[in-house]
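Chemist: Next comes the structure file target.cif, holding mmCIF, C-alpha atoms.
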data_run
loop_
_atom_site.label_atom_id
_atom_site.label_comp_id
_atom_site.auth_asym_id
_atom_site.auth_seq_id
_atom_site.Cartn_x
_atom_site.Cartn_y
_atom_site.Cartn_z
CA MET A 110 55.92 -52.98 23.54
CA THR A 111 57.58 -52.76 26.87
CA ALA A 112 55.94 -50.75 29.48
CA ALA A 113 57.74 -49.58 32.50
CA GLY A 114 56.13 -50.55 35.71
CA PRO A 115 54.91 -48.03 38.20
CA LEU A 116 57.54 -46.09 39.99
CA GLN A 117 58.11 -46.90 43.57
CA PRO A 118 58.67 -44.22 46.14
CA GLY A 119 62.24 -43.07 46.00
CA GLU A 120 62.74 -44.22 42.37
CA GLY A 121 61.31 -41.24 40.53
CA PRO A 122 63.30 -38.33 39.24
CA GLY A 123 63.70 -35.57 41.68
CA ASP A 124 63.51 -37.90 44.65
CA GLU A 125 67.29 -38.09 45.09
CA SER A 126 67.67 -34.45 45.80
CA GLY A 127 64.59 -34.15 47.95
CA ASP A 128 63.11 -31.58 45.61
CA VAL A 129 59.64 -31.56 44.18
CA PRO A 130 59.22 -34.44 41.72
CA ASP A 131 59.35 -33.60 38.01
CA TYR A 132 55.97 -34.65 36.79
CA ASP A 133 56.73 -33.97 33.14
CA ALA A 134 59.64 -36.40 33.24
CA MET A 135 57.50 -38.95 35.01
CA PHE A 136 54.76 -38.61 32.36
CA ALA A 137 57.33 -38.93 29.56
CA ALA A 138 58.65 -42.10 31.15
CA ILE A 139 55.15 -43.59 31.36
CA VAL A 140 54.07 -42.76 27.79
CA SER A 141 57.43 -43.24 26.02
CA PRO A 142 56.77 -46.87 25.10
CA LEU A 143 53.30 -45.87 23.75
CA SER A 144 54.36 -42.76 21.84
CA ASP A 145 55.36 -44.76 18.74
CA GLN A 146 51.82 -46.01 18.36
CA MET A 147 49.96 -42.73 19.04
CA ASN A 148 48.23 -40.93 16.17
CA TRP A 149 48.83 -37.29 17.00
CA ASP A 150 47.19 -36.12 13.70
CA ALA A 151 43.82 -37.36 14.97
CA VAL A 152 44.16 -35.01 17.92
CA ASP A 153 44.75 -32.14 15.49
CA GLU A 154 41.69 -33.19 13.47
CA ILE A 155 39.56 -33.30 16.61
CA GLU A 156 40.81 -29.85 17.60
CA ALA A 157 40.04 -28.54 14.08
CA ALA A 158 36.54 -30.06 14.20
CA ALA A 159 35.99 -28.53 17.63
CA ALA A 160 37.16 -25.15 16.27
CA GLN A 161 34.76 -25.48 13.31
CA LEU A 162 31.94 -26.43 15.66
CA GLY A 163 32.74 -23.40 17.82
CA ALA A 164 32.79 -21.17 14.72
CA ALA A 165 29.45 -22.63 13.55
CA GLU A 166 27.93 -22.05 16.99
CA GLU A 167 29.23 -18.47 16.95
CA ALA A 168 27.79 -17.93 13.44
CA ALA A 169 24.43 -19.36 14.58
CA ARG A 170 24.45 -17.06 17.63
CA VAL A 171 25.27 -14.03 15.46
CA GLU A 172 22.52 -15.01 12.97
CA ALA A 173 20.00 -15.45 15.81
CA GLU A 174 20.91 -12.02 17.14
CA ALA A 175 20.50 -10.51 13.66
CA VAL A 176 17.09 -12.17 13.22
CA ALA A 177 15.99 -10.90 16.62
CA LYS A 178 17.21 -7.38 15.76
CA ARG A 179 15.35 -7.44 12.43
CA ALA A 180 12.18 -8.58 14.21
CA VAL A 181 12.51 -5.74 16.73
CA ASP A 182 13.15 -3.23 13.92
CA ARG A 183 10.16 -4.55 11.95
CA ASP A 184 7.89 -4.26 14.99
CA ARG A 185 9.17 -0.72 15.66
CA ARG A 186 8.51 0.31 12.03
CA ARG A 187 5.00 -1.19 12.19
CA ALA A 188 4.29 0.74 15.38
CA GLU A 189 5.58 3.96 13.77
CA ARG A 190 3.41 3.41 10.68
CA ALA A 191 0.38 2.69 12.86
CA ALA A 192 0.99 5.91 14.79
CA GLU A 193 1.40 7.88 11.54
CA LEU A 194 -1.81 6.36 10.15
CA ALA A 195 -3.72 7.21 13.34
CA GLU A 196 -2.37 10.78 13.21
CA TYR A 197 -3.30 11.11 9.53
CA THR A 198 -6.81 9.73 10.14
CA ALA A 199 -7.36 12.10 13.06
CA GLU A 200 -6.13 15.07 11.02
CA LYS A 201 -8.34 14.09 8.08
CA ALA A 202 -11.36 13.74 10.38
CA ALA A 203 -10.67 17.18 11.88
CA ILE A 204 -10.40 18.79 8.44
CA GLU A 205 -13.58 17.07 7.26
CA ALA A 206 -15.45 18.12 10.41
CA GLU A 207 -14.33 21.73 9.89
CA TYR A 208 -15.40 21.58 6.25
CA ASN A 209 -18.80 20.11 7.11
CA SER A 210 -19.40 22.62 9.90
CA ASP A 211 -19.23 25.50 7.40
CA ASP A 212 -22.18 24.14 5.39
CA ASP A 213 -24.43 23.36 8.37
CA HIS A 214 -25.88 26.86 8.61
CA PHE A 215 -26.20 27.59 4.89
CA THR A 216 -29.66 27.58 3.36
CA PRO A 217 -29.88 28.41 -0.33
CA PRO A 218 -32.15 31.27 -1.35
CA ALA A 219 -35.50 30.57 -2.95
CA PRO A 220 -35.30 30.20 -6.72
CA PRO A 221 -36.60 33.10 -8.78
CA PRO A 222 -40.07 32.67 -10.27
CA LEU A 223 -40.35 31.26 -13.77
CA PRO A 224 -40.86 33.94 -16.41
CA ARG A 225 -44.27 34.14 -18.10
CA LEU A 226 -44.34 32.66 -21.55
CA ARG A 227 -45.22 34.96 -24.39
CA PRO A 228 -48.19 34.00 -26.57
CA ALA A 229 -45.89 33.54 -29.61
CA THR A 230 -43.83 30.95 -27.70
CA VAL A 231 -46.93 29.05 -26.62
CA GLY A 232 -48.21 29.03 -30.23
CA ALA A 233 -44.87 27.78 -31.61
CA VAL A 234 -44.76 24.92 -29.09
CA LEU A 235 -48.38 23.95 -29.95
CA LEU A 236 -47.50 23.95 -33.68
CA MET A 237 -44.57 21.60 -33.03
CA ILE A 238 -46.75 19.23 -30.99
CA GLY A 239 -49.42 19.27 -33.72
CA GLY A 240 -46.81 18.47 -36.41
CA ILE A 241 -45.51 15.51 -34.40
CA VAL A 242 -49.07 14.17 -33.93
CA LEU A 243 -49.82 14.47 -37.67
CA ILE A 244 -46.60 12.63 -38.57
CA ALA A 245 -47.26 9.89 -35.99
CA ARG A 246 -50.99 9.44 -36.96
CA PRO A 247 -51.45 10.24 -40.65
CA THR A 248 -55.01 8.83 -40.60
CA LEU A 249 -56.31 11.70 -38.43
CA LEU A 250 -57.13 13.81 -41.46
CA SER A 251 -59.58 12.56 -44.10
CA VAL A 252 -57.12 13.35 -46.92
CA GLY A 253 -54.37 10.96 -48.12
CA GLN A 254 -51.67 9.78 -45.77
CA GLU A 255 -48.83 11.22 -47.88
CA LEU A 256 -50.46 14.65 -47.79
CA THR A 257 -50.99 14.41 -44.01
CA ILE A 258 -47.29 13.58 -43.47
CA VAL A 259 -46.21 16.52 -45.63
CA VAL A 260 -48.58 18.87 -43.76
CA GLY A 261 -47.26 17.50 -40.40
CA LEU A 262 -43.65 18.17 -41.48
CA LEU A 263 -44.53 21.72 -42.59
CA VAL A 264 -46.31 22.44 -39.30
CA LEU A 265 -43.35 21.03 -37.30
CA VAL A 266 -40.80 23.10 -39.24
CA GLY A 267 -43.02 26.20 -38.91
CA GLY A 268 -43.17 25.76 -35.10
CA CYS A 269 -39.36 25.44 -34.95
CA ALA A 270 -38.94 28.55 -37.11
CA ALA A 271 -41.35 30.52 -34.88
CA LEU A 272 -39.36 29.53 -31.75
CA ILE A 273 -36.06 30.50 -33.36
CA SER A 274 -37.37 33.84 -34.66
CA GLY A 275 -38.79 34.68 -31.23
CA MET A 276 -35.46 34.32 -29.47
CA ARG A 277 -34.35 37.46 -27.73
CA LYS A 278 -31.61 39.45 -29.29
CA SER A 279 -28.36 39.91 -27.39
CA HIS A 280 -27.06 43.35 -26.52
CA ASP A 281 -25.85 45.19 -29.56
CA ASP A 282 -22.88 46.84 -27.89
CA GLY A 283 -20.48 44.50 -29.69
CA ASP A 284 -19.69 42.43 -26.62
CA THR A 285 -20.55 38.77 -27.15
CA GLY A 286 -19.45 37.62 -23.68
CA ALA A 287 -21.56 36.51 -20.79
CA VAL A 288 -24.06 38.92 -19.31
CA LEU A 289 -24.38 38.87 -15.56
#
In structure tokens, what does this structure look like?
Modeler:
Amino acid sequence: MTAAGPLQPGEGPGDESGDVPDYDAMFAAIVSPLSDQMNWDAVDEIEAAAAQLGAAEEAARVEAEAVAKRAVDRDRRRAERAAELAEYTAEKAAIEAEYNSDDDHFTPPAPPPLPRLRPATVGAVLLMIGGIVLIARPTLLSVGQELTIVVGLLVLVGGCAALISGMRKSHDDGDTGAVL
């Protein structure tokens, strides 16, 4: 490899005419002995790697912006839902307060008095109670236990029959609906 020595003043191209020196020609003269050994593909690979790095940085920036936008949107939606929930709760409380205020002044009327029982109803209930006692305690009578149980059943059935027969009759106008 032969390298040209540095140019002396007055030796460079463009110096003969007094014009501005041609720097490109000077550079070519300096690097011409080295140009056979230069690997220009490596420069292209470095430029490609730099371009990929720039593209990756741009993609990371775009992704960061998208993440930030999603976070802002999520926070906005949460704030909207919280406002809707507060509005719903306030509306529900107002409706419930209005509903409860209507019942504050209401007092139910006194219940009507119980009707007087007829003597036949009282007798039928006493017969049923007596029948149950005779069935539960067959030794109350001095006769046999089997006979006491049969008598207790007859008295119980008689009390039920008396209650059923004493039920009031409905109106006989043919209408079987409710009577108000």
Chemist: Tell me, as a ChimeraX atom specification, which residues lie within 9 Å of range 228-231 of chain A, counting all atoms listed in the file; anything in the same chain fewer than 3 positions away does not count.
Modeler: /A:234-236,271-272,275
Chemist: Enumerate, as a list in words, the residues matched when the PyMOL selection byres ((chain A and resi 258) around 12) is run on the file above.
Modeler: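 When the PyMOL selection byres ((chain A and resi 258) around 12) is applied to the shown file, the picked residues are Gly239, Gly240, Ile241, Val242, Leu243, Ile244, Ala245, Arg246, Pro247, Thr248, Leu249, Leu250, Val252, Gly253, Gln254, Glu255, Leu256, Thr257, Val259, Val260, Gly261, Leu262, Leu263, Val264 and Leu265 of chain A.
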Chemist: Would you compute the distance between CA of Cys269 in chain A and CA of Arg227 in chain A? Give it in Å to one decimal.
Modeler: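 It comes out at 15.4 Å.
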